[in-house]
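Q: I am sharing work-v4.tsv, which consists of TSV, C-alpha atoms:
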chain	number	residue	atom	x	y	z
S	1	MET	CA	-6.88	10.41	-13.47
S	2	PRO	CA	-10.69	10.83	-13.99
S	3	SER	CA	-10.35	9.64	-17.61
S	4	VAL	CA	-8.38	6.58	-16.43
S	5	LEU	CA	-11.05	5.74	-13.87
S	6	ILE	CA	-13.76	6.10	-16.50
S	7	ALA	CA	-11.86	3.75	-18.80
S	8	LEU	CA	-11.12	1.16	-16.12
S	9	TRP	CA	-14.28	0.96	-14.01
S	10	PRO	CA	-16.07	-1.50	-16.37
S	11	THR	CA	-13.08	-3.86	-16.05
S	12	PHE	CA	-13.28	-3.89	-12.26
S	13	ALA	CA	-17.10	-4.00	-12.40
S	14	LEU	CA	-16.87	-7.36	-14.21
S	15	ILE	CA	-14.56	-8.71	-11.48
S	16	ILE	CA	-16.98	-7.62	-8.75
S	17	MET	CA	-19.90	-9.00	-10.77
S	18	GLY	CA	-18.18	-12.38	-10.98
S	19	TYR	CA	-17.64	-12.42	-7.22
S	20	VAL	CA	-21.28	-11.50	-6.52
S	21	LEU	CA	-22.65	-14.06	-8.97
S	22	ARG	CA	-20.45	-16.84	-7.57
S	23	ARG	CA	-21.30	-16.05	-3.92
S	24	GLY	CA	-24.97	-15.73	-4.86
S	25	GLY	CA	-24.97	-19.29	-6.11
S	26	PHE	CA	-25.42	-18.40	-9.80
S	27	ALA	CA	-25.28	-21.55	-11.96
S	28	GLY	CA	-23.35	-23.51	-9.31
S	29	GLN	CA	-19.73	-24.44	-8.73
S	30	ALA	CA	-19.52	-26.64	-11.84
S	31	PHE	CA	-20.38	-23.70	-14.12
S	32	TRP	CA	-17.51	-21.54	-12.88
S	33	GLU	CA	-15.01	-24.37	-13.05
S	34	GLY	CA	-16.11	-25.17	-16.60
S	35	ALA	CA	-16.07	-21.51	-17.66
S	36	ASP	CA	-12.57	-21.09	-16.28
S	37	ARG	CA	-11.31	-24.18	-18.10
S	38	LEU	CA	-13.00	-23.13	-21.35
S	39	ASN	CA	-11.32	-19.75	-21.17
S	40	TYR	CA	-7.92	-21.07	-20.14
S	41	PHE	CA	-7.72	-23.86	-22.72
S	42	LEU	CA	-9.60	-22.34	-25.69
S	43	LEU	CA	-10.79	-18.72	-25.64
S	44	PHE	CA	-7.73	-17.03	-24.17
S	45	PRO	CA	-5.24	-19.07	-26.26
S	46	ALA	CA	-7.27	-18.00	-29.32
S	47	LEU	CA	-6.91	-14.37	-28.23
S	48	LEU	CA	-3.15	-14.86	-27.82
S	49	VAL	CA	-2.78	-16.53	-31.23
S	50	GLY	CA	-4.67	-13.69	-32.90
S	51	SER	CA	-2.65	-11.04	-31.08
S	52	MET	CA	0.72	-12.68	-31.76
S	53	THR	CA	-0.10	-13.26	-35.43
S	54	HIS	CA	-0.67	-9.55	-36.04
S	55	SER	CA	2.00	-8.14	-33.73
S	56	PRO	CA	4.92	-6.10	-35.13
S	57	PHE	CA	7.73	-8.51	-34.22
S	58	THR	CA	10.00	-6.70	-36.69
S	59	SER	CA	9.51	-3.40	-34.85
S	60	PRO	CA	12.81	-1.56	-34.16
S	61	GLY	CA	11.74	-1.10	-30.54
S	62	LEU	CA	11.40	-4.84	-29.92
S	63	GLY	CA	15.00	-5.28	-28.77
S	64	GLY	CA	14.64	-2.52	-26.19
S	65	ILE	CA	11.38	-4.00	-24.85
S	66	ALA	CA	12.94	-7.45	-24.55
S	67	LEU	CA	16.03	-6.08	-22.81
S	68	LEU	CA	13.96	-4.05	-20.34
S	69	ILE	CA	11.71	-7.01	-19.49
S	70	LEU	CA	14.54	-9.51	-19.08
S	71	ILE	CA	16.66	-7.16	-16.94
S	72	CYS	CA	13.73	-6.49	-14.61
S	73	ILE	CA	12.85	-10.18	-14.34
S	74	ALA	CA	16.50	-11.01	-13.61
S	75	LEU	CA	16.69	-8.36	-10.87
S	76	LEU	CA	13.51	-9.63	-9.21
S	77	TRP	CA	14.69	-13.23	-9.48
S	78	LEU	CA	18.04	-12.44	-7.84
S	79	VAL	CA	16.32	-10.61	-4.98
S	80	LEU	CA	13.92	-13.53	-4.44
S	81	LEU	CA	16.79	-16.03	-4.49
S	82	GLY	CA	18.62	-13.96	-1.89
S	83	LEU	CA	15.54	-13.80	0.33
S	84	ARG	CA	15.04	-17.54	-0.02
S	85	ARG	CA	18.60	-18.19	1.09
S	86	TYR	CA	18.27	-15.79	4.04
S	87	TYR	CA	14.88	-17.04	5.29
S	88	ARG	CA	15.44	-20.67	4.19
S	89	TRP	CA	12.09	-20.90	2.46
S	90	PRO	CA	11.06	-24.38	1.29
S	91	ALA	CA	10.05	-24.77	-2.35
S	92	SER	CA	6.36	-24.82	-1.36
S	93	ARG	CA	6.65	-21.26	-0.01
S	94	PHE	CA	9.33	-19.93	-2.36
S	95	GLY	CA	7.31	-20.89	-5.44
S	96	VAL	CA	4.21	-19.15	-4.13
S	97	LEU	CA	6.12	-15.93	-3.37
S	98	VAL	CA	7.78	-16.05	-6.80
S	99	GLN	CA	4.38	-16.28	-8.45
S	100	GLY	CA	3.04	-13.51	-6.23
S	101	ALA	CA	5.92	-11.19	-7.12
S	102	MET	CA	6.39	-11.96	-10.82
S	103	ARG	CA	3.35	-13.40	-12.58
S	104	PHE	CA	0.56	-11.17	-13.88
S	105	ASN	CA	-3.18	-11.22	-14.55
S	106	THR	CA	-3.37	-11.21	-18.34
S	107	TYR	CA	-7.15	-10.75	-18.43
S	108	LEU	CA	-6.96	-7.60	-16.35
S	109	GLY	CA	-3.91	-6.33	-18.22
S	110	LEU	CA	-5.37	-6.68	-21.69
S	111	ALA	CA	-8.72	-5.23	-20.63
S	112	ALA	CA	-6.98	-2.21	-19.11
S	113	ILE	CA	-4.71	-1.72	-22.12
S	114	SER	CA	-7.62	-2.01	-24.54
S	115	ALA	CA	-9.59	0.60	-22.56
S	116	VAL	CA	-6.75	3.09	-22.15
S	117	TYR	CA	-4.38	2.56	-25.11
S	118	GLY	CA	-6.56	0.93	-27.78
S	119	SER	CA	-5.32	-1.20	-30.68
S	120	GLU	CA	-1.85	0.39	-30.69
S	121	GLY	CA	-1.35	-0.69	-27.09
S	122	LEU	CA	-2.68	-4.19	-27.71
S	123	ALA	CA	-0.19	-4.79	-30.53
S	124	ILE	CA	2.74	-3.97	-28.24
S	125	ALA	CA	1.13	-5.87	-25.35
S	126	ALA	CA	1.27	-9.05	-27.42
S	127	ILE	CA	5.05	-8.66	-27.69
S	128	VAL	CA	5.36	-8.13	-23.93
S	129	MET	CA	3.29	-11.26	-23.27
S	130	ALA	CA	5.31	-13.30	-25.77
S	131	ILE	CA	8.41	-12.59	-23.68
S	132	LYS	CA	6.98	-12.66	-20.16
S	133	ILE	CA	4.60	-15.64	-20.29
S	134	PRO	CA	7.18	-18.35	-21.18
S	135	VAL	CA	9.93	-16.93	-18.96
S	136	LEU	CA	7.74	-16.47	-15.87
S	137	ASN	CA	6.10	-19.87	-16.25
S	138	VAL	CA	9.52	-21.53	-16.39
S	139	LEU	CA	10.66	-19.67	-13.26
S	140	SER	CA	7.41	-20.41	-11.41
S	141	VAL	CA	7.52	-24.12	-12.15
S	142	TRP	CA	11.21	-24.32	-11.23
S	143	ALA	CA	10.61	-22.44	-7.96
S	144	LEU	CA	7.73	-24.72	-6.92
S	145	ALA	CA	9.44	-27.94	-8.00
S	146	SER	CA	13.00	-27.10	-6.93
S	147	GLY	CA	14.59	-29.40	-4.42
S	148	PRO	CA	17.04	-32.25	-4.10
S	149	GLN	CA	14.71	-34.62	-5.96
S	150	LEU	CA	13.90	-32.26	-8.86
S	151	GLN	CA	13.72	-34.09	-12.17
S	152	LEU	CA	13.73	-32.58	-15.64
S	153	ARG	CA	10.29	-33.99	-16.44
S	154	GLN	CA	8.86	-32.18	-13.39
S	155	LEU	CA	10.08	-28.94	-14.90
S	156	LEU	CA	9.24	-29.55	-18.55
S	157	GLY	CA	5.94	-31.41	-18.11
S	158	PRO	CA	3.76	-28.48	-16.97
S	159	LEU	CA	5.45	-26.17	-19.48
S	160	ALA	CA	4.89	-28.45	-22.46
S	161	LYS	CA	1.17	-28.61	-21.63
S	162	ASN	CA	0.69	-24.93	-20.82
S	163	PRO	CA	-1.89	-23.59	-23.34
S	164	LEU	CA	-0.68	-20.00	-22.97
S	165	ILE	CA	2.91	-20.88	-23.88
S	166	LEU	CA	1.74	-23.06	-26.78
S	167	ALA	CA	-0.54	-20.27	-28.04
S	168	CYS	CA	2.31	-17.74	-27.91
S	169	LEU	CA	4.61	-20.08	-29.83
S	170	LEU	CA	1.94	-20.84	-32.44
S	171	GLY	CA	1.08	-17.18	-32.96
S	172	ILE	CA	4.73	-16.17	-33.26
S	173	GLY	CA	5.34	-19.02	-35.73
S	174	LEU	CA	2.37	-17.99	-37.90
S	175	ASN	CA	3.56	-14.39	-37.79
S	176	LEU	CA	7.24	-14.91	-38.64
S	177	SER	CA	6.53	-17.58	-41.27
S	178	GLY	CA	4.16	-15.29	-43.14
S	179	ILE	CA	1.38	-17.89	-43.05
S	180	GLY	CA	-0.86	-15.78	-40.81
S	181	LEU	CA	-4.46	-16.88	-40.38
S	182	PRO	CA	-5.73	-17.67	-43.90
S	183	LEU	CA	-9.06	-18.92	-45.32
S	184	GLY	CA	-11.23	-17.23	-42.71
S	185	THR	CA	-9.44	-18.72	-39.70
S	186	ASP	CA	-8.76	-15.16	-38.54
S	187	ASN	CA	-12.52	-14.65	-38.16
S	188	LEU	CA	-12.83	-17.84	-36.10
S	189	VAL	CA	-9.90	-16.88	-33.87
S	190	ASN	CA	-11.26	-13.35	-33.42
S	191	MET	CA	-14.73	-14.66	-32.50
S	192	LEU	CA	-13.27	-17.01	-29.89
S	193	GLY	CA	-10.90	-14.37	-28.52
S	194	ALA	CA	-13.67	-11.76	-28.22
S	195	GLY	CA	-15.32	-13.74	-25.45
S	196	SER	CA	-12.13	-14.29	-23.49
S	197	LEU	CA	-11.67	-11.02	-21.59
S	198	PRO	CA	-15.22	-10.54	-20.22
S	199	LEU	CA	-15.49	-14.20	-19.26
S	200	GLY	CA	-11.98	-14.15	-17.82
S	201	LEU	CA	-12.72	-11.12	-15.64
S	202	LEU	CA	-15.93	-12.71	-14.36
S	203	CYS	CA	-13.95	-15.84	-13.48
S	204	VAL	CA	-11.28	-13.74	-11.73
S	205	GLY	CA	-13.99	-12.33	-9.48
S	206	ALA	CA	-15.57	-15.73	-8.95
S	207	ALA	CA	-12.20	-17.14	-7.84
S	208	LEU	CA	-11.56	-14.54	-5.12
S	209	GLN	CA	-11.30	-16.13	-1.67
S	210	PRO	CA	-11.51	-13.44	1.04
S	211	ALA	CA	-11.42	-16.08	3.79
S	212	TYR	CA	-7.70	-16.56	3.13
S	213	LEU	CA	-7.00	-12.87	3.84
S	214	LEU	CA	-7.10	-13.74	7.55
S	215	GLY	CA	-3.94	-15.83	7.29
S	216	GLU	CA	-0.44	-14.36	7.03
S	217	ARG	CA	-1.56	-10.74	6.86
S	218	ARG	CA	1.95	-9.26	7.12
S	219	THR	CA	3.20	-11.43	4.25
S	220	LEU	CA	0.12	-10.66	2.17
S	221	LEU	CA	0.47	-6.91	2.65
S	222	LEU	CA	4.20	-6.88	1.98
S	223	THR	CA	4.00	-8.96	-1.19
S	224	SER	CA	1.06	-6.90	-2.48
S	225	GLY	CA	2.71	-3.55	-1.80
S	226	ILE	CA	5.95	-4.66	-3.43
S	227	LYS	CA	4.20	-6.17	-6.46
S	228	LEU	CA	1.75	-3.34	-7.16
S	229	LEU	CA	3.88	-0.28	-6.35
S	230	LEU	CA	7.58	-0.99	-5.75
S	231	VAL	CA	8.12	-3.29	-8.75
S	232	PRO	CA	6.60	-0.90	-11.33
S	233	ALA	CA	8.70	1.92	-9.83
S	234	LEU	CA	11.81	-0.26	-10.32
S	235	VAL	CA	10.82	-0.97	-13.93
S	236	ALA	CA	10.34	2.77	-14.55
S	237	VAL	CA	13.87	3.47	-13.29
S	238	VAL	CA	15.38	0.72	-15.46
S	239	ALA	CA	13.43	1.99	-18.49
S	240	TRP	CA	14.78	5.49	-17.87
S	241	LEU	CA	18.35	4.19	-17.58
S	242	LEU	CA	17.95	2.32	-20.88
S	243	GLY	CA	16.46	5.35	-22.60
S	244	ILE	CA	13.12	3.62	-23.28
S	245	GLU	CA	10.18	5.99	-23.05
S	246	GLY	CA	6.70	6.73	-24.32
S	247	LEU	CA	4.17	3.99	-24.98
S	248	LEU	CA	6.79	1.21	-25.03
S	249	ALA	CA	7.94	1.98	-21.48
S	250	ALA	CA	4.38	2.63	-20.28
S	251	LEU	CA	3.10	-0.79	-21.33
S	252	VAL	CA	6.04	-2.70	-19.84
S	253	ILE	CA	5.60	-0.82	-16.56
S	254	LEU	CA	1.87	-1.54	-16.61
S	255	PHE	CA	2.43	-5.28	-17.06
S	256	PHE	CA	4.74	-5.34	-14.05
S	257	ALA	CA	2.11	-3.41	-12.03
S	258	LEU	CA	-0.61	-6.03	-12.56
S	259	PRO	CA	-1.73	-8.34	-9.75
S	260	THR	CA	-0.62	-11.95	-9.97
S	261	ALA	CA	-2.36	-14.49	-12.20
S	262	PRO	CA	-5.41	-16.41	-10.90
S	263	THR	CA	-3.93	-19.55	-12.49
S	264	ALA	CA	-1.09	-19.33	-9.97
S	265	TYR	CA	-3.42	-21.05	-7.49
S	266	ALA	CA	-3.88	-24.10	-9.73
S	267	LEU	CA	-0.13	-24.36	-10.35
S	268	ALA	CA	0.60	-24.08	-6.62
S	269	ARG	CA	-1.83	-26.92	-5.86
S	270	GLN	CA	-0.51	-29.05	-8.71
S	271	LEU	CA	3.11	-28.77	-7.50
S	272	ASN	CA	2.37	-29.00	-3.74
S	273	GLY	CA	2.86	-25.30	-3.00
S	274	ASP	CA	1.22	-23.41	-0.13
S	275	SER	CA	-2.11	-23.00	-1.94
S	276	GLN	CA	-3.80	-21.15	0.95
S	277	LEU	CA	-1.12	-18.45	0.94
S	278	MET	CA	-1.37	-18.32	-2.86
S	279	ALA	CA	-5.14	-17.81	-2.68
S	280	GLY	CA	-4.67	-14.98	-0.18
S	281	ILE	CA	-2.06	-13.26	-2.35
S	282	ILE	CA	-4.24	-13.51	-5.47
S	283	THR	CA	-7.29	-12.16	-3.63
S	284	LEU	CA	-5.56	-9.23	-1.91
S	285	GLN	CA	-3.53	-8.17	-4.95
S	286	THR	CA	-6.63	-8.24	-7.16
S	287	LEU	CA	-8.61	-6.14	-4.69
S	288	LEU	CA	-5.80	-3.64	-4.11
S	289	ALA	CA	-5.19	-3.36	-7.86
S	290	MET	CA	-8.53	-1.59	-8.11
S	291	LEU	CA	-6.79	1.28	-6.32
S	292	SER	CA	-3.18	0.93	-7.47
S	293	LEU	CA	-3.71	0.31	-11.18
S	294	PRO	CA	-5.57	3.58	-11.91
S	295	LEU	CA	-2.83	5.39	-9.96
S	296	VAL	CA	-0.02	3.76	-11.97
S	297	ILE	CA	-1.76	4.26	-15.32
S	298	GLY	CA	-2.54	7.85	-14.43
S	299	LEU	CA	1.20	8.51	-14.09
S	300	LEU	CA	2.05	6.89	-17.44
S	301	PRO	CA	2.01	8.54	-20.88
S	302	ALA	CA	-1.15	7.94	-22.90
S	303	SER	CA	0.63	7.66	-26.22
S	304	GLY	CA	4.04	7.25	-27.79
Once more with this new file: its structure as structure tokens, please.
A:
Amino acid sequence: MPSVLIALWPTFALIIMGYVLRRGGFAGQAFWEGADRLNYFLLFPALLVGSMTHSPFTSPGLGGIALLILICIALLWLVLLGLRRYYRWPASRFGVLVQGAMRFNTYLGLAAISAVYGSEGLAIAAIVMAIKIPVLNVLSVWALASGPQLQLRQLLGPLAKNPLILACLLGIGLNLSGIGLPLGTDNLVNMLGAGSLPLGLLCVGAALQPAYLLGERRTLLLTSGIKLLLVPALVAVVAWLLGIEGLLAALVILFFALPTAPTAYALARQLNGDSQLMAGIITLQTLLAMLSLPLVIGLLPASG
């Protein structure tokens, strides 16, 4: 555990630094909004393209990873659908709770994996993201937009413009086609991607909204406890049943133990979800992850 804390504290220090800088009035509101957009639309997609291009998509363990991820997502989705039917949640609430239970903070995840597992972990992480990002974005958009008036364009529109999905598809295409990143483009992509994680973590901290923690405290605590502790425990059990172990299982479990994505707030607002509840979930999960994530990683194997 001490070694995990030593590896992770700079990651959480950047989040806290972002919060302090934002609340201290550093550079103003426009700076943080612009930095977040720059990272979301350019730097982080570049990081994804670079990671996907060099990932071992022909690895013999890929099928097991995909099966584990999809089974766990399906189980969570069925539970959420059952709860929606029982409590009669409207789409505005159901979509927020889906995002809170299933989406993940990629900045925090990659920073933690880089610190603890190094380049070997990052290569496998790219495969996990290639599966989870498109699937979870589809489910999140459907959950927020579902209703009697749902139209196909409402579902496909946000997905077709999602830079993370497009980056994953581009990177996978460059990888499988053998084209790669020729003529020095790999250097450009690597330079852009290198700035993504520190800037992303600063923006995560800047986006925290503690004022919304005073809202539905019972819902916030329940969703956070389930997301950060119960879900990774479920994934560990499924991995054991499938016979998946070592680094492959550890990284999938870690991704399911991450707090929800900060971009979930923007999607909730865009599709008329309960954005205040979403802001509270993002804030509380991110803060609690500073305690839960070292605990989860400390219980996982450090290598394959």
Q: For S:Ala35, which of S:Cys203, S:Pro163, S:Ser119, S:Cys168 is the closest residue, counting all atoms listed in the file?
A: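 Closest candidate: S:Cys203.
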Q: Using all atoms listed in the file, determine which residues lie at most 9 Å from S:Gln276, disregarding the query and same-chain residues fewer than 4 positions distant; provide the list as a ChimeraX atom specification.
A: /S:212,215,265,280-281
Q: Write out the residues from the selection above, keeping C-alpha atoms, as a short mmCIF file (atom, residue, chain, number, x, y, z; two decimals), in the frame of the given file.
A:
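The resulting out39.cif:
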data_model
loop_
_atom_site.label_atom_id
_atom_site.label_comp_id
_atom_site.auth_asym_id
_atom_site.auth_seq_id
_atom_site.Cartn_x
_atom_site.Cartn_y
_atom_site.Cartn_z
CA TYR S 212 -7.70 -16.56 3.13
CA GLY S 215 -3.94 -15.83 7.29
CA TYR S 265 -3.42 -21.05 -7.49
CA GLY S 280 -4.67 -14.98 -0.18
CA ILE S 281 -2.06 -13.26 -2.35
#
Q: Which polymer residues have any atom within 12 Å of an atom of S:Ser3, counting only C-alpha atoms, with same-chain residues fewer than 6 positions away left out, as a PyMOL selection string?
A: chain S and resi 9+115-117+294-295+297-298+302
Q: Please, what distance in Å, to one decimal, runs between atom CA of S:Pro90 and atom CA of S:Val231?
A: 23.5 Å
Q: Measuring between only C-alpha atoms, which one of S:Ala130, S:Leu242, S:Ile15, S:Ala279 shows the shortest distance to S:Gly173?
A: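 Looking only at the distances to S:Gly173, the closest residue turns out to be S:Ala130.
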Q: Would you mind telling me which residue in S:Leu68, S:Met17, S:Ile6, S:Leu78 lies nearest to S:Trp240 when using all atoms listed in the file?
A: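 Closest to S:Trp240, using all atoms listed in the file: S:Leu68.
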Q: In terms of the shortest atom-to-atom distance over all atoms listed in the file, which of S:Ala239, S:Leu192, S:Leu80, S:Ala268 is closest to S:Gly64?
A: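 Once distances to S:Gly64 are computed over all atoms listed in the file, the minimum belongs to S:Ala239.
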Q: By how many Å are atom CA of S:Leu166 and atom CA of S:Leu208 apart?
A: 26.8 Å
Q: Pick out the residues sitting within 10 Å of stretch 254-256 of chain S, and hand them over as an NGL selection string; count all atoms listed in the file, and ignore anything fewer than 3 positions along from it in its own chain.
A: :S and (69 or 72-73 or 101-106 or 108-110 or 112-113 or 125 or 128-129 or 132 or 227-236 or 249-251 or 259-260 or 293 or 296-297 or 300)
Q: For stretch 43-60 of chain S, what centre and edge lengths in Å (one decimal) does the axis-aligned box get once 8 Å is added on each side of all its listed atoms, as lines of an AutoDock Vina configuration file?
A:
center_x = 1.0
center_y = -10.3
center_z = -30.4
size_x = 39.6
size_y = 33.5
size_z = 28.5
Q: Pick the closest to S:Gly100 from S:Leu299, S:Leu136, S:Val252, S:Ile71: which is it, counting all atoms listed in the file?
A: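 Closest candidate: S:Leu136.
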Q: When you count only C-alpha atoms, which of these residues is closest to S:Leu144: S:Leu214, S:Leu159, S:Val96, S:Ala257?
A: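 For S:Leu144, the nearest of the given residues is S:Val96.
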Q: Calculate how many Å separate atom CA of S:Ala91 from atom CA of S:Leu271, rounding to one decimal.
A: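 Answer for the atom CA of S:Ala91 to atom CA of S:Leu271 separation: 9.5 Å.
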Q: So that I can see what lies close to stretch 178-191 of chain S, please list as a list in words the residues with an atom at most 9 Å from it, counting all atoms listed in the file and leaving out residues fewer than 6 positions away in the same chain.
A: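 What passes the distance filter is Leu43, Ala46, Leu47, Val49, Gly50, Thr53, His54 and Gly171 of chain S.
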Q: Please dump the current selection as a short mmCIF file (atom, residue, chain, number, x, y, z; two decimals), in the frame of the given file; keep C-alpha atoms.
A:
data_model
loop_
_atom_site.label_atom_id
_atom_site.label_comp_id
_atom_site.auth_asym_id
_atom_site.auth_seq_id
_atom_site.Cartn_x
_atom_site.Cartn_y
_atom_site.Cartn_z
CA LEU S 43 -10.79 -18.72 -25.64
CA ALA S 46 -7.27 -18.00 -29.32
CA LEU S 47 -6.91 -14.37 -28.23
CA VAL S 49 -2.78 -16.53 -31.23
CA GLY S 50 -4.67 -13.69 -32.90
CA THR S 53 -0.10 -13.26 -35.43
CA HIS S 54 -0.67 -9.55 -36.04
CA GLY S 171 1.08 -17.18 -32.96
#
Q: Missing atoms in stretch 284-295 of chain S: fill them in up to N, CA and C atoms and send the result as a compact mmCIF listing (two decimals), keeping the file's coordinate frame.
A:
# COMPACT_ATOMS: atom_id res chain seq x y z
N LEU S 284 -5.91 -10.57 -2.38
CA LEU S 284 -5.56 -9.23 -1.91
C LEU S 284 -4.99 -8.38 -3.03
N GLN S 285 -4.10 -8.95 -3.86
CA GLN S 285 -3.53 -8.17 -4.95
C GLN S 285 -4.61 -7.72 -5.94
N THR S 286 -5.56 -8.60 -6.23
CA THR S 286 -6.63 -8.24 -7.16
C THR S 286 -7.47 -7.11 -6.60
N LEU S 287 -7.80 -7.19 -5.32
CA LEU S 287 -8.61 -6.14 -4.69
C LEU S 287 -7.85 -4.81 -4.63
N LEU S 288 -6.58 -4.87 -4.22
CA LEU S 288 -5.80 -3.64 -4.11
C LEU S 288 -5.50 -3.02 -5.48
N ALA S 289 -5.46 -3.87 -6.52
CA ALA S 289 -5.19 -3.36 -7.86
C ALA S 289 -6.28 -2.41 -8.33
N MET S 290 -7.46 -2.52 -7.76
CA MET S 290 -8.53 -1.59 -8.11
C MET S 290 -8.18 -0.16 -7.70
N LEU S 291 -7.28 -0.03 -6.73
CA LEU S 291 -6.79 1.28 -6.32
C LEU S 291 -5.45 1.62 -6.96
N SER S 292 -4.54 0.65 -7.00
CA SER S 292 -3.18 0.93 -7.47
C SER S 292 -3.08 1.08 -8.98
N LEU S 293 -3.85 0.29 -9.73
CA LEU S 293 -3.71 0.31 -11.18
C LEU S 293 -4.13 1.65 -11.80
N PRO S 294 -5.26 2.24 -11.39
CA PRO S 294 -5.57 3.58 -11.91
C PRO S 294 -4.49 4.60 -11.55
N LEU S 295 -3.90 4.48 -10.36
CA LEU S 295 -2.83 5.39 -9.96
C LEU S 295 -1.62 5.24 -10.88
